[in-house]
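Participant: My questions will all concern the structure given below.
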Amino acid sequence: MQRHSSGSRWSNRGLVLAVLAACTLVFASGHAHAAPKRGEWLETNTLSSTVVSRDLDTRTTTTWRKQVNLGGALGLHYYFADALRFGTSVQYIDRIWPEPPPSGSRFQRLALMPQLGWNFWDPCYVATIFTYAPRSRGKWLTDMSISLVLGAGAPLSKRVRLGVSVEMPYAFYYHRALSLVALTGVSVVL
């Protein structure tokens, strides 16, 4: 039988309560604004970090405990129909912890991410992303993936939203890998 320290148990409860409070805020305040309309442009600014990743070729798993990378992405999207958008983002990922090996680099990834999104129930959205990364794993090593994103955005003003989402990318070009990524960011209707 495994024993857990009370500090660890309380920090896990605190994390769960914080996530539930954030979700409640997003869903309760999301109905104050209408879903995006045809012809609108949207700028997205996100921060992300991989929670867990499973390399299906090497049969290894990496979590936040082993490695922390912080990603940033800047995107521009166009609503070609009410609640339906097409756009692309440019992503940059940097290694935070641990120090990369001498043959590696903190500059982990550079990627172009075209995507199709749908605001299916305001404030919630879903998106499919194709990723082309000419730099991955800290080297100029090409990788590609397809992702599914599920998220929600709470309005901060008439044109600005604070969003939270989860992404499940499946990388298939260099190594087959399945991951879970946590994202947060701000979107602005232009």
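Ordering of the structure tokens sets the chain letters (A, B, ...); residue numbers start at 1 within each chain; ligands are numbered from 1 in the order shown.
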Contacts of Leu178 in chain A at 6 Å or less, counting only C-alpha atoms, minus same-chain residues fewer than 4 places along, as a ChimeraX atom specification?
Facilitator: /A:53-54,169-170
Participant: Neighbours of Leu76 in chain A within 7 Å (only C-alpha atoms; same-chain residues fewer than 4 positions away dropped), as an mmCIF file with N, CA and C atoms, in the first residue's frame?
Facilitator:
```cif
data_model
loop_
_atom_site.group_PDB
_atom_site.id
_atom_site.type_symbol
_atom_site.label_atom_id
_atom_site.label_comp_id
_atom_site.auth_asym_id
_atom_site.auth_seq_id
_atom_site.Cartn_x
_atom_site.Cartn_y
_atom_site.Cartn_z
ATOM 1 N N LEU A 42 -9.576 36.905 -36.252
ATOM 2 C CA LEU A 42 -9.244 36.615 -34.862
ATOM 3 C C LEU A 42 -7.735 36.433 -34.741
ATOM 4 N N GLU A 43 -7.135 37.158 -33.804
ATOM 5 C CA GLU A 43 -5.721 36.963 -33.483
ATOM 6 C C GLU A 43 -5.661 36.121 -32.220
ATOM 7 N N THR A 44 -4.803 35.087 -32.207
ATOM 8 C CA THR A 44 -4.661 34.244 -31.025
ATOM 9 C C THR A 44 -3.224 34.293 -30.526
ATOM 10 N N GLY A 87 -7.355 29.186 -40.154
ATOM 11 C CA GLY A 87 -6.246 30.067 -39.828
ATOM 12 C C GLY A 87 -4.964 29.296 -39.681
ATOM 13 N N THR A 88 -3.953 29.989 -39.230
ATOM 14 C CA THR A 88 -2.670 29.341 -38.986
ATOM 15 C C THR A 88 -1.958 30.033 -37.834
ATOM 16 N N SER A 89 -1.093 29.300 -37.185
ATOM 17 C CA SER A 89 -0.283 29.819 -36.090
ATOM 18 C C SER A 89 1.169 29.448 -36.346
#
```
Participant: Which one is closest to Ala35 in chain A: A:Thr63, A:Thr50, A:Gln91, A:Asn119? Count only C-alpha atoms.
Facilitator: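 The shortest atom-to-atom distance to Ala35 in chain A comes from A:Asn119.
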Participant: Tell me, as a list in words, which residues lie within 8 Å of range 157-166 of chain A, counting only C-alpha atoms; anything in the same chain fewer than 4 positions away does not count.
Facilitator: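 My list of contacting residues is His33, Val149, Leu150, Gly151, Ala152, Gly153, Leu180, Val181, Ala182, Leu183, Thr184, Gly185, Val186, Ser187, Val188, Val189 and Leu190 of chain A.
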Participant: From the options A:Thr60, A:His175, A:Val90, A:Lys37, which residue's atoms come nearest to Arg137 in chain A, counting only C-alpha atoms?
Facilitator: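 For Arg137 in chain A, the nearest of the candidates is A:His175.
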Participant: Write out as a short mmCIF file (atom, residue, chain, number, x, y, z; two decimals) with N, CA and C atoms, in the first residue's frame the residues lying within 12 Å of Arg85 in chain A, counting only C-alpha atoms and excluding same-chain residues fewer than 2 positions away.
Facilitator:
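Now in part-v3.cif:
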```cif
data_model
loop_
_atom_site.label_atom_id
_atom_site.label_comp_id
_atom_site.auth_asym_id
_atom_site.auth_seq_id
_atom_site.Cartn_x
_atom_site.Cartn_y
_atom_site.Cartn_z
N ALA A 35 -21.46 34.15 -30.52
CA ALA A 35 -20.42 33.41 -31.23
C ALA A 35 -19.88 34.26 -32.37
N PRO A 36 -18.65 33.99 -32.81
CA PRO A 36 -18.05 34.77 -33.90
C PRO A 36 -18.89 34.70 -35.18
N LYS A 37 -18.86 35.78 -35.95
CA LYS A 37 -19.65 35.90 -37.18
C LYS A 37 -18.77 35.83 -38.41
N ARG A 38 -19.39 35.48 -39.50
CA ARG A 38 -18.70 35.42 -40.80
C ARG A 38 -18.04 36.78 -41.10
N GLY A 39 -16.80 36.72 -41.60
CA GLY A 39 -16.08 37.93 -41.96
C GLY A 39 -15.18 38.48 -40.86
N GLU A 40 -15.28 37.94 -39.63
CA GLU A 40 -14.44 38.42 -38.54
C GLU A 40 -13.05 37.78 -38.61
N TRP A 41 -12.05 38.56 -38.18
CA TRP A 41 -10.68 38.08 -38.06
C TRP A 41 -10.37 37.92 -36.58
N LEU A 42 -9.58 36.91 -36.25
CA LEU A 42 -9.24 36.61 -34.86
C LEU A 42 -7.74 36.43 -34.74
N GLU A 43 -7.14 37.16 -33.80
CA GLU A 43 -5.72 36.96 -33.48
C GLU A 43 -5.66 36.12 -32.22
N GLY A 75 -1.23 33.41 -33.79
CA GLY A 75 -2.05 32.96 -34.90
C GLY A 75 -2.98 34.02 -35.44
N LEU A 76 -3.40 33.83 -36.69
CA LEU A 76 -4.38 34.69 -37.34
C LEU A 76 -5.41 33.79 -38.02
N HIS A 77 -6.69 34.07 -37.77
CA HIS A 77 -7.77 33.20 -38.24
C HIS A 77 -8.88 34.05 -38.86
N TYR A 78 -9.59 33.46 -39.83
CA TYR A 78 -10.69 34.15 -40.52
C TYR A 78 -11.94 33.28 -40.42
N TYR A 79 -13.05 33.89 -40.00
CA TYR A 79 -14.33 33.18 -39.94
C TYR A 79 -14.99 33.24 -41.32
N PHE A 80 -14.92 32.13 -42.05
CA PHE A 80 -15.50 32.07 -43.39
C PHE A 80 -16.99 31.78 -43.34
N ALA A 81 -17.50 31.41 -42.21
CA ALA A 81 -18.94 31.23 -41.94
C ALA A 81 -19.13 31.48 -40.45
N ASP A 82 -20.37 31.71 -40.04
CA ASP A 82 -20.63 31.91 -38.61
C ASP A 82 -20.07 30.73 -37.82
N ALA A 83 -19.21 31.02 -36.85
CA ALA A 83 -18.63 30.04 -35.94
C ALA A 83 -17.62 29.08 -36.58
N GLY A 87 -7.36 29.19 -40.15
CA GLY A 87 -6.25 30.07 -39.83
C GLY A 87 -4.96 29.30 -39.68
N THR A 88 -3.95 29.99 -39.23
CA THR A 88 -2.67 29.34 -38.99
C THR A 88 -1.96 30.03 -37.83
N PRO A 114 -1.43 25.19 -39.61
CA PRO A 114 -2.73 25.52 -40.19
C PRO A 114 -3.83 24.74 -39.47
N GLN A 115 -5.02 25.37 -39.35
CA GLN A 115 -6.08 24.74 -38.58
C GLN A 115 -7.48 25.15 -39.03
N LEU A 116 -8.42 24.31 -38.69
CA LEU A 116 -9.83 24.53 -38.95
C LEU A 116 -10.55 24.44 -37.61
N GLY A 117 -11.32 25.49 -37.26
CA GLY A 117 -11.97 25.52 -35.95
C GLY A 117 -13.46 25.78 -36.04
N TRP A 118 -14.18 25.35 -35.01
CA TRP A 118 -15.63 25.50 -34.94
C TRP A 118 -16.03 25.87 -33.52
N ASN A 119 -16.68 27.01 -33.35
CA ASN A 119 -17.26 27.40 -32.07
C ASN A 119 -18.64 26.74 -31.98
N PHE A 120 -18.67 25.51 -31.52
CA PHE A 120 -19.90 24.70 -31.56
C PHE A 120 -20.94 25.10 -30.53
N TYR A 125 -15.16 25.60 -28.14
CA TYR A 125 -14.73 25.41 -29.52
C TYR A 125 -13.93 24.12 -29.64
N VAL A 126 -13.82 23.66 -30.87
CA VAL A 126 -13.00 22.50 -31.20
C VAL A 126 -12.22 22.87 -32.46
N ALA A 127 -11.03 22.34 -32.61
CA ALA A 127 -10.21 22.63 -33.78
C ALA A 127 -9.40 21.41 -34.15
N THR A 128 -9.10 21.30 -35.44
CA THR A 128 -8.19 20.30 -35.96
C THR A 128 -6.98 21.04 -36.51
N ILE A 129 -5.80 20.60 -36.12
CA ILE A 129 -4.57 21.28 -36.50
C ILE A 129 -3.62 20.30 -37.19
#
```
Participant: So, with only C-alpha atoms as the atoms that count, which of A:Leu56, A:Ala171, A:Val68, A:Ala111 lies closest to Ser145 in chain A?
Facilitator: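 Smallest distance to Ser145 in chain A is found for A:Ala171.
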Participant: Report, in Å to a single decimal, how far apart CA of Leu112 in chain A and CA of Arg65 in chain A are.
Facilitator: 27.5 Å
